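Chemist: So that you have it, the file is structure03.txt, and it contains compact mmCIF, C-alpha atoms (C1' of nucleotides) and all ligand atoms:
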```txt
# COMPACT_ATOMS: atom_id res chain seq x y z
CA MET A 1 2.16 -31.40 -21.10
CA THR A 2 -0.60 -28.97 -22.02
CA SER A 3 -0.57 -25.72 -20.15
CA LYS A 4 -3.90 -26.51 -18.58
CA GLN A 5 -2.31 -29.50 -16.88
CA GLU A 6 0.45 -27.24 -15.62
CA PHE A 7 -2.07 -24.84 -14.18
CA ILE A 8 -3.85 -27.66 -12.43
CA LYS A 9 -0.57 -28.80 -10.96
CA LYS A 10 0.23 -25.30 -9.74
CA LEU A 11 -3.22 -25.05 -8.19
CA ARG A 12 -2.97 -28.42 -6.47
CA ASN A 13 0.46 -27.54 -5.17
CA SER A 14 -1.05 -24.41 -3.71
CA ASN A 15 -3.80 -26.41 -2.02
CA LEU A 16 -6.41 -25.06 -4.37
CA ARG A 17 -8.95 -27.08 -6.29
CA PRO A 18 -8.78 -26.49 -10.02
CA THR A 19 -11.97 -24.58 -10.67
CA LYS A 20 -12.72 -22.86 -13.95
CA GLN A 21 -12.28 -19.45 -12.34
CA ARG A 22 -8.82 -20.36 -11.14
CA ILE A 23 -7.84 -21.86 -14.47
CA ASN A 24 -8.86 -18.60 -16.10
CA ILE A 25 -6.71 -16.68 -13.68
CA CYS A 26 -3.81 -19.01 -14.52
CA GLU A 27 -4.31 -18.43 -18.23
CA VAL A 28 -3.84 -14.72 -17.80
CA LEU A 29 -1.03 -15.07 -15.29
CA PHE A 30 1.14 -17.85 -16.65
CA ASN A 31 0.27 -18.32 -20.31
CA ARG A 32 2.79 -15.80 -21.58
CA ASP A 33 6.33 -15.58 -22.83
CA LYS A 34 7.68 -12.71 -20.82
CA THR A 35 7.53 -11.90 -17.17
CA PHE A 36 4.37 -10.17 -16.07
CA HIS A 37 4.21 -7.34 -13.55
CA PHE A 38 0.74 -6.53 -12.36
CA THR A 39 -1.60 -5.20 -9.75
CA ILE A 40 -4.72 -7.09 -8.73
CA ASN A 41 -6.72 -4.58 -10.70
CA ASP A 42 -4.63 -5.08 -13.85
CA LEU A 43 -5.19 -8.78 -13.55
CA PHE A 44 -8.89 -8.42 -12.90
CA ASN A 45 -9.33 -6.28 -16.01
CA LEU A 46 -7.32 -8.64 -18.20
CA ILE A 47 -9.47 -11.54 -17.07
CA LYS A 48 -12.57 -9.58 -17.98
CA ASP A 49 -11.12 -8.97 -21.44
CA LYS A 50 -9.82 -12.45 -22.16
CA THR A 51 -12.60 -14.67 -20.96
CA GLU A 52 -16.35 -14.77 -21.30
CA GLU A 53 -17.02 -15.92 -17.79
CA LYS A 54 -16.80 -13.55 -14.89
CA VAL A 55 -14.47 -14.07 -11.99
CA SER A 56 -15.12 -12.18 -8.82
CA LEU A 57 -12.56 -9.81 -7.39
CA ALA A 58 -12.46 -11.79 -4.15
CA THR A 59 -11.46 -14.92 -6.05
CA VAL A 60 -8.68 -13.03 -7.79
CA TYR A 61 -7.34 -11.77 -4.48
CA ASN A 62 -7.56 -15.20 -2.89
CA THR A 63 -5.90 -17.01 -5.75
CA VAL A 64 -3.09 -14.50 -6.13
CA HIS A 65 -2.29 -14.72 -2.46
CA ALA A 66 -2.30 -18.49 -2.49
CA PHE A 67 0.18 -18.43 -5.38
CA HIS A 68 2.21 -15.81 -3.61
CA LYS A 69 2.33 -17.89 -0.46
CA LYS A 70 3.37 -20.95 -2.43
CA GLY A 71 6.06 -18.99 -4.26
CA TYR A 72 4.53 -18.91 -7.72
CA LEU A 73 4.25 -15.15 -7.51
CA LYS A 74 6.50 -12.51 -6.03
CA GLU A 75 5.52 -9.24 -4.44
CA ILE A 76 7.55 -6.22 -5.51
CA PRO A 77 8.29 -3.51 -2.93
CA ILE A 78 7.52 -0.09 -4.36
CA ASN A 79 5.69 2.96 -3.18
CA SER A 80 2.28 2.68 -4.61
CA ASN A 81 -1.21 2.56 -3.26
CA GLN A 82 -1.57 -0.80 -4.95
CA THR A 83 0.46 -3.97 -4.45
CA TYR A 84 2.55 -5.10 -7.40
CA PHE A 85 3.17 -8.76 -8.20
CA ASP A 86 5.56 -10.48 -10.55
CA THR A 87 5.40 -13.84 -12.31
CA ASN A 88 9.19 -13.88 -12.34
CA VAL A 89 9.93 -15.41 -8.97
CA THR A 90 13.69 -15.64 -9.40
CA ASP A 91 15.90 -13.18 -7.51
CA HIS A 92 16.10 -10.13 -9.68
CA HIS A 93 15.92 -6.36 -9.62
CA HIS A 94 13.73 -3.69 -11.17
CA PHE A 95 13.50 -0.42 -12.90
CA PHE A 96 10.41 1.48 -11.90
CA ASP A 97 9.21 4.09 -14.34
CA VAL A 98 7.63 6.50 -11.90
CA LYS A 99 5.66 8.44 -14.49
CA GLU A 100 4.15 5.44 -16.23
CA GLU A 101 3.97 3.35 -13.04
CA ARG A 102 5.66 0.49 -14.85
CA LEU A 103 8.12 -2.15 -13.66
CA ILE A 104 10.90 -3.47 -15.89
CA ASP A 105 13.10 -6.44 -15.04
CA LEU A 106 16.79 -6.01 -14.45
CA LYS A 107 18.86 -9.12 -14.75
CA ASN A 108 21.35 -9.82 -12.01
CA GLU A 109 24.18 -9.23 -14.45
CA ASP A 110 22.75 -5.78 -15.19
CA VAL A 111 23.35 -4.87 -11.58
CA GLY A 112 26.30 -6.95 -10.49
CA PRO A 113 26.80 -8.73 -7.22
CA ILE A 114 25.81 -6.91 -4.07
CA GLU A 115 27.74 -7.63 -0.92
CA ILE A 116 26.12 -6.50 2.29
CA GLN A 117 28.91 -5.61 4.74
CA LYS A 118 26.72 -5.23 7.77
CA SER A 119 24.77 -7.72 9.81
CA ILE A 120 22.17 -7.57 12.51
CA PRO A 121 22.60 -10.03 15.39
CA GLY A 122 19.98 -12.75 15.37
CA LYS A 123 18.80 -11.91 11.88
CA LYS A 124 19.71 -13.29 8.52
CA ILE A 125 19.28 -11.98 5.04
CA LYS A 126 16.16 -13.16 3.28
CA SER A 127 16.46 -11.15 0.07
CA VAL A 128 18.36 -8.30 -1.52
CA GLU A 129 16.44 -6.23 -4.00
CA VAL A 130 17.46 -3.18 -5.98
CA LEU A 131 14.88 -0.70 -7.15
CA VAL A 132 16.04 1.81 -9.76
CA LYS A 133 13.59 4.65 -10.21
CA LEU A 134 13.44 6.19 -13.66
CA GLU A 135 12.40 9.67 -14.69
CA ASP A 136 12.22 11.42 -18.06
CA MET B 137 20.50 29.00 15.96
CA THR B 138 17.83 27.43 18.17
CA SER B 139 16.09 24.42 16.72
CA LYS B 140 12.80 26.26 16.66
CA GLN B 141 14.30 28.74 14.24
CA GLU B 142 15.44 25.84 12.08
CA PHE B 143 11.97 24.40 12.06
CA ILE B 144 10.52 27.73 11.01
CA LYS B 145 13.03 27.91 8.21
CA LYS B 146 12.15 24.42 7.04
CA LEU B 147 8.47 25.29 7.14
CA ARG B 148 8.95 28.54 5.24
CA ASN B 149 11.05 26.75 2.65
CA SER B 150 8.18 24.31 2.23
CA ASN B 151 5.72 27.16 1.74
CA LEU B 152 4.11 26.51 5.08
CA ARG B 153 3.38 29.08 7.74
CA PRO B 154 4.96 28.23 11.07
CA THR B 155 1.95 27.33 13.18
CA LYS B 156 2.23 25.71 16.58
CA GLN B 157 0.89 22.44 15.22
CA ARG B 158 3.58 22.33 12.56
CA ILE B 159 6.31 23.26 15.02
CA ASN B 160 5.19 20.36 17.18
CA ILE B 161 5.40 18.05 14.23
CA CYS B 162 8.91 19.33 13.56
CA GLU B 163 9.93 18.71 17.16
CA VAL B 164 9.05 15.07 16.85
CA LEU B 165 10.45 14.71 13.36
CA PHE B 166 13.70 16.62 13.44
CA ASN B 167 14.70 17.11 17.07
CA ARG B 168 16.65 13.89 17.32
CA ASP B 169 20.14 12.55 16.92
CA LYS B 170 19.58 9.53 14.77
CA THR B 171 17.63 9.02 11.62
CA PHE B 172 13.95 8.38 12.13
CA HIS B 173 11.88 5.90 10.15
CA PHE B 174 8.17 6.23 10.64
CA THR B 175 4.65 5.83 9.41
CA ILE B 176 2.10 8.62 9.68
CA ASN B 177 0.52 6.72 12.51
CA ASP B 178 3.81 6.38 14.40
CA LEU B 179 4.30 10.10 14.09
CA PHE B 180 0.76 10.89 15.11
CA ASN B 181 1.10 8.81 18.27
CA LEU B 182 4.45 10.32 19.19
CA ILE B 183 2.98 13.78 18.86
CA LYS B 184 0.16 12.79 21.17
CA ASP B 185 2.72 11.57 23.71
CA LYS B 186 5.15 14.44 23.53
CA THR B 187 2.92 17.47 23.45
CA GLU B 188 -0.09 18.65 25.37
CA GLU B 189 -1.85 20.16 22.41
CA LYS B 190 -3.60 17.99 19.90
CA VAL B 191 -2.71 18.00 16.25
CA SER B 192 -5.21 16.59 13.81
CA LEU B 193 -4.35 13.65 11.62
CA ALA B 194 -5.07 15.70 8.51
CA THR B 195 -2.47 18.27 9.54
CA VAL B 196 0.10 15.52 10.06
CA TYR B 197 -0.58 14.13 6.61
CA ASN B 198 -0.43 17.55 4.99
CA THR B 199 2.76 18.60 6.72
CA VAL B 200 4.56 15.35 6.07
CA HIS B 201 3.72 15.53 2.40
CA ALA B 202 4.84 19.13 2.13
CA PHE B 203 8.19 18.16 3.67
CA HIS B 204 8.39 15.16 1.41
CA LYS B 205 7.73 17.29 -1.64
CA LYS B 206 10.37 19.77 -0.55
CA GLY B 207 12.88 17.00 0.08
CA TYR B 208 13.04 17.17 3.87
CA LEU B 209 11.61 13.68 4.08
CA LYS B 210 12.11 10.59 2.00
CA GLU B 211 9.60 7.88 1.24
CA ILE B 212 10.90 4.32 1.54
CA PRO B 213 9.62 1.70 -0.89
CA ILE B 214 8.55 -1.40 0.98
CA ASN B 215 5.55 -3.68 0.92
CA SER B 216 3.37 -2.48 3.68
CA ASN B 217 -0.15 -1.25 4.00
CA GLN B 218 1.28 1.94 5.42
CA THR B 219 3.74 4.37 3.85
CA TYR B 220 7.13 4.64 5.52
CA PHE B 221 9.09 7.88 5.68
CA ASP B 222 12.66 8.67 6.63
CA THR B 223 14.28 11.80 8.01
CA ASN B 224 17.53 10.70 6.41
CA VAL B 225 17.15 12.15 2.95
CA THR B 226 20.60 11.24 1.69
CA ASP B 227 20.95 8.38 -0.78
CA HIS B 228 21.15 5.27 1.32
CA HIS B 229 19.85 1.75 1.62
CA HIS B 230 17.86 -0.25 4.15
CA PHE B 231 17.44 -3.41 6.05
CA PHE B 232 13.82 -4.24 6.62
CA ASP B 233 13.06 -6.53 9.51
CA VAL B 234 9.96 -8.18 8.18
CA LYS B 235 8.81 -9.60 11.50
CA GLU B 236 9.18 -6.42 13.50
CA GLU B 237 8.27 -4.16 10.56
CA ARG B 238 11.34 -2.07 11.27
CA LEU B 239 13.71 -0.22 8.94
CA ILE B 240 17.43 0.06 9.64
CA ASP B 241 19.81 2.28 7.71
CA LEU B 242 22.57 0.83 5.62
CA LYS B 243 25.40 3.15 4.77
CA ASN B 244 26.53 3.26 1.19
CA GLU B 245 29.83 1.69 2.19
CA ASP B 246 27.90 -1.22 3.72
CA VAL B 247 26.58 -2.02 0.28
CA GLY B 248 29.25 -0.82 -2.11
CA PRO B 249 28.79 0.96 -5.40
CA ILE B 250 26.05 -0.27 -7.68
CA GLU B 251 26.54 0.07 -11.38
CA ILE B 252 23.44 -0.33 -13.49
CA GLN B 253 24.48 -1.83 -16.85
CA LYS B 254 21.20 -1.32 -18.60
CA SER B 255 19.41 1.78 -19.75
CA ILE B 256 15.98 2.59 -21.04
CA PRO B 257 15.83 5.01 -23.99
CA GLY B 258 14.41 8.38 -23.02
CA LYS B 259 14.66 7.67 -19.31
CA LYS B 260 17.31 8.49 -16.79
CA ILE B 261 18.05 7.11 -13.38
CA LYS B 262 16.53 9.04 -10.53
CA SER B 263 17.56 6.82 -7.64
CA VAL B 264 19.01 3.43 -6.84
CA GLU B 265 17.83 1.85 -3.63
CA VAL B 266 18.64 -1.49 -2.08
CA LEU B 267 16.21 -3.17 0.27
CA VAL B 268 17.57 -6.07 2.29
CA LYS B 269 14.85 -8.07 3.95
CA LEU B 270 15.74 -9.74 7.23
CA GLU B 271 14.28 -12.80 8.85
CA ASP B 272 15.06 -14.65 12.08
C1' DA C 273 -25.16 -42.34 -9.95
C1' DT C 274 -26.56 -40.70 -5.20
C1' DT C 275 -25.22 -38.95 -1.01
C1' DC C 276 -22.22 -36.66 1.96
C1' DT C 277 -18.59 -33.66 3.08
C1' DT C 278 -15.47 -30.13 2.20
C1' DC C 279 -14.04 -26.31 -0.48
C1' DT C 280 -15.14 -22.40 -3.44
C1' DT C 281 -17.48 -18.49 -5.41
C1' DT C 282 -19.63 -14.38 -4.90
C1' DA C 283 -22.07 -10.17 -3.58
C1' DG C 284 -21.92 -7.31 -0.34
C1' DA C 285 -20.28 -5.58 4.10
C1' DA C 286 -16.34 -4.27 6.87
C1' DT C 287 -11.77 -2.32 7.55
C1' DA C 288 -8.13 0.76 7.19
C1' DA C 289 -5.04 4.15 5.01
C1' DT C 290 -5.32 8.20 2.77
C1' DT C 291 -7.43 12.31 0.67
C1' DA C 292 -11.03 15.81 0.14
C1' DT C 293 -14.32 19.32 2.07
C1' DA C 294 -15.71 23.32 4.06
C1' DA C 295 -16.42 26.20 8.05
C1' DA C 296 -14.05 28.33 11.96
C1' DA C 297 -9.52 29.91 13.53
C1' DA C 298 -5.00 31.72 13.00
C1' DA C 299 -1.38 34.12 10.46
C1' DC C 300 0.05 37.79 7.62
C1' DT C 301 -0.33 42.38 5.24
C1' DC C 302 -1.23 47.10 5.19
C1' DG D 303 -7.45 46.92 13.56
C1' DA D 304 -9.39 45.63 9.01
C1' DG D 305 -8.92 42.83 5.26
C1' DT D 306 -6.85 38.86 2.97
C1' DT D 307 -4.84 34.45 2.72
C1' DT D 308 -3.66 30.25 4.83
C1' DT D 309 -4.51 26.71 8.18
C1' DT D 310 -6.80 23.57 11.26
C1' DT D 311 -10.02 20.33 12.16
C1' DA D 312 -14.00 17.37 12.27
C1' DT D 313 -16.07 14.83 9.24
C1' DA D 314 -17.09 12.73 4.89
C1' DA D 315 -15.36 10.46 0.82
C1' DT D 316 -12.37 7.39 -1.56
C1' DT D 317 -9.86 3.30 -2.42
C1' DA D 318 -7.40 -1.03 -1.81
C1' DT D 319 -7.98 -4.95 0.59
C1' DT D 320 -10.14 -8.37 3.63
C1' DC D 321 -14.11 -10.56 5.71
C1' DT D 322 -18.66 -12.93 5.79
C1' DA D 323 -22.03 -16.04 4.97
C1' DA D 324 -25.08 -18.24 1.81
C1' DA D 325 -25.40 -20.76 -2.53
C1' DG D 326 -22.84 -23.62 -5.67
C1' DA D 327 -19.18 -26.90 -7.21
C1' DA D 328 -15.73 -30.49 -6.39
C1' DG D 329 -14.18 -34.66 -4.39
C1' DA D 330 -14.97 -38.90 -1.66
C1' DA D 331 -17.68 -42.63 -0.18
C1' DT D 332 -21.13 -45.68 -0.98
MN MN E 1 10.24 -8.60 -12.26
MN MN E 2 16.84 5.38 6.29
ZN ZN E 3 0.44 -12.24 -0.69
ZN ZN E 4 4.56 12.48 -0.16
```
Mind turning this structure into structure tokens?
Modeler:
Amino acid sequence: MTSKQEFIKKLRNSNLRPTKQRINICEVLFNRDKTFHFTINDLFNLIKDKTEEKVSLATVYNTVHAFHKKGYLKEIPINSNQTYFDTNVTDHHHFFDVKEERLIDLKNEDVGPIEIQKSIPGKKIKSVEVLVKLED
Amino acid sequence: MTSKQEFIKKLRNSNLRPTKQRINICEVLFNRDKTFHFTINDLFNLIKDKTEEKVSLATVYNTVHAFHKKGYLKEIPINSNQTYFDTNVTDHHHFFDVKEERLIDLKNEDVGPIEIQKSIPGKKIKSVEVLVKLED
DNA sequence: ATTCTTCTTTAGAATAATTATAAAAAACTC
DNA sequence: GAGTTTTTTATAATTATTCTAAAGAAGAAT
């Protein structure tokens, strides 16, 4: 299956019609080997570079959030004025290079199993994420 | 030593003159038994409740960041439009109740030791933080 | 293919958290 | 107290994000 067909499937699954703007967004997001950590602004700039056609910022926001809602993108909790997303939606952890403002994947085996020995009545665990801040 | 003296010491250590506005901020921040997780807006509202005198939002921002810089406050990485701070500046982890937008401390023994088996050349680990998201 | 309906794009406005400005007030020094 | 430095505060500016509404594109029905 060509990647364009995959993108269309992802879009349909997210209740989005496959428009050319959204396909372009998919190209930048999903047509890559490695995981991709980005802010909306990163993504917006890469789209401007890669494609002739313009895509509006609003469309980028809308599409990213639809993918996020559907589970095709993950939001990474870090202290930043901008929101960071990740194309790697599996459970995994991160280094965060504070100086360069860059996220790096940590595999689960790089961290080891984490057992939470405390529980809150009426609540259950949704996710466990480790953030390792790096300095020089 | 009275707590006011402690506040003045904290302020002086942070290169801040002990003004009445800043002492009021300290009262709300540090005059408590348990750890305190807050946003600037939380803090601002509590100050309005607790004290007669008004403190401007700008002063709250400035003072909080001076304490943060000095290490008297910690910033907690979570996905939120607002920045969360913590009066517990020791290394520790958190539950985050997504629905109620509330942080809860996890002691280190509730999580167990975390060994990071990967390193990035030229970088060293500054902190390791676990965020456990909770749902109903 | 034409028509009709629903969704999408987009520019621009609105919102909201945070930071910057600069003049008046307070704190500190001598 | 006089002089100097820092602080407060109202207000403006900035920035990320969301909203709006009109024009355009996609899909369905004929
Ligand atoms: Mn990742
Ligand atoms: Mn805490
Ligand atoms: Zn989202
Ligand atoms: Zn800070």
Chemist: Which one is closest to ligand ZN 3 (chain E): B:Ser263, B:Phe172, B:Gln141, B:Ser216? Count only C-alpha atoms and all ligand atoms.
Modeler: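 Nearest candidate to ligand ZN 3 (chain E) out of B:Ser263, B:Phe172, B:Gln141, B:Ser216: B:Ser216.
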Chemist: Taking all atoms listed in the file into account, which residues of chain D are within 12 Å of chain B, as a ChimeraX atom specification?
Modeler: /D:307-313,318-319
Chemist: Write out as a list in words each polymer residue whose atoms come within 12 Å of Tyr61 of chain A, counting only C-alpha atoms (C1' of nucleotides); drop sequence neighbours fewer than 3 positions from it.
Modeler: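 With the cut-off at 12 Å, the set is Arg22, Ile25, Thr39, Ile40, Asn41, Asp42, Leu43, Phe44, Val55, Ser56, Leu57, Ala58, Val64, His65, Ala66, Phe67, His68, Thr83 and Phe85 of chain A; DA318, DT319 and DT320 of chain D.
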Chemist: Quick check, in Å to one decimal: how far apart do atom CA of Lys156 of chain B and atom C1' of DA296 of chain C lie?
Modeler: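 Spanning atom CA of Lys156 of chain B to atom C1' of DA296 of chain C is a straight-line distance of 17.1 Å.
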Chemist: Between atom CA of Pro113 of chain A and atom CA of His230 of chain B, what is the distance, to one decimal in Å?
Modeler: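 Distance reported for this atom pair: 16.8 Å.
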Chemist: Can you tell me how far atom CA of Lys107 of chain A sits from atom CA of Leu11 of chain A, in Å to one decimal?
Modeler: 28.0 Å
Chemist: Set the cut-off to 8 Å and count all atoms listed in the file: what are the residues of chain C that reach chain A? Output as JSON, numbers by chain.
Modeler: {"C": [279, 281, 282]}
Chemist: So which residues touch DT317 of chain D within 10 Å, counting all atoms listed in the file, skipping near sequence neighbours fewer than 4 positions away, as a ChimeraX atom specification?
Modeler: /A:81-82 /C:289-291
Chemist: Between A:Ile114, A:Ile23, A:Ile125, A:Ile78, which has the minimum distance to Phe231 of chain B (counting all atoms listed in the file)?
Modeler: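 For Phe231 of chain B, the nearest of the candidates is A:Ile125.
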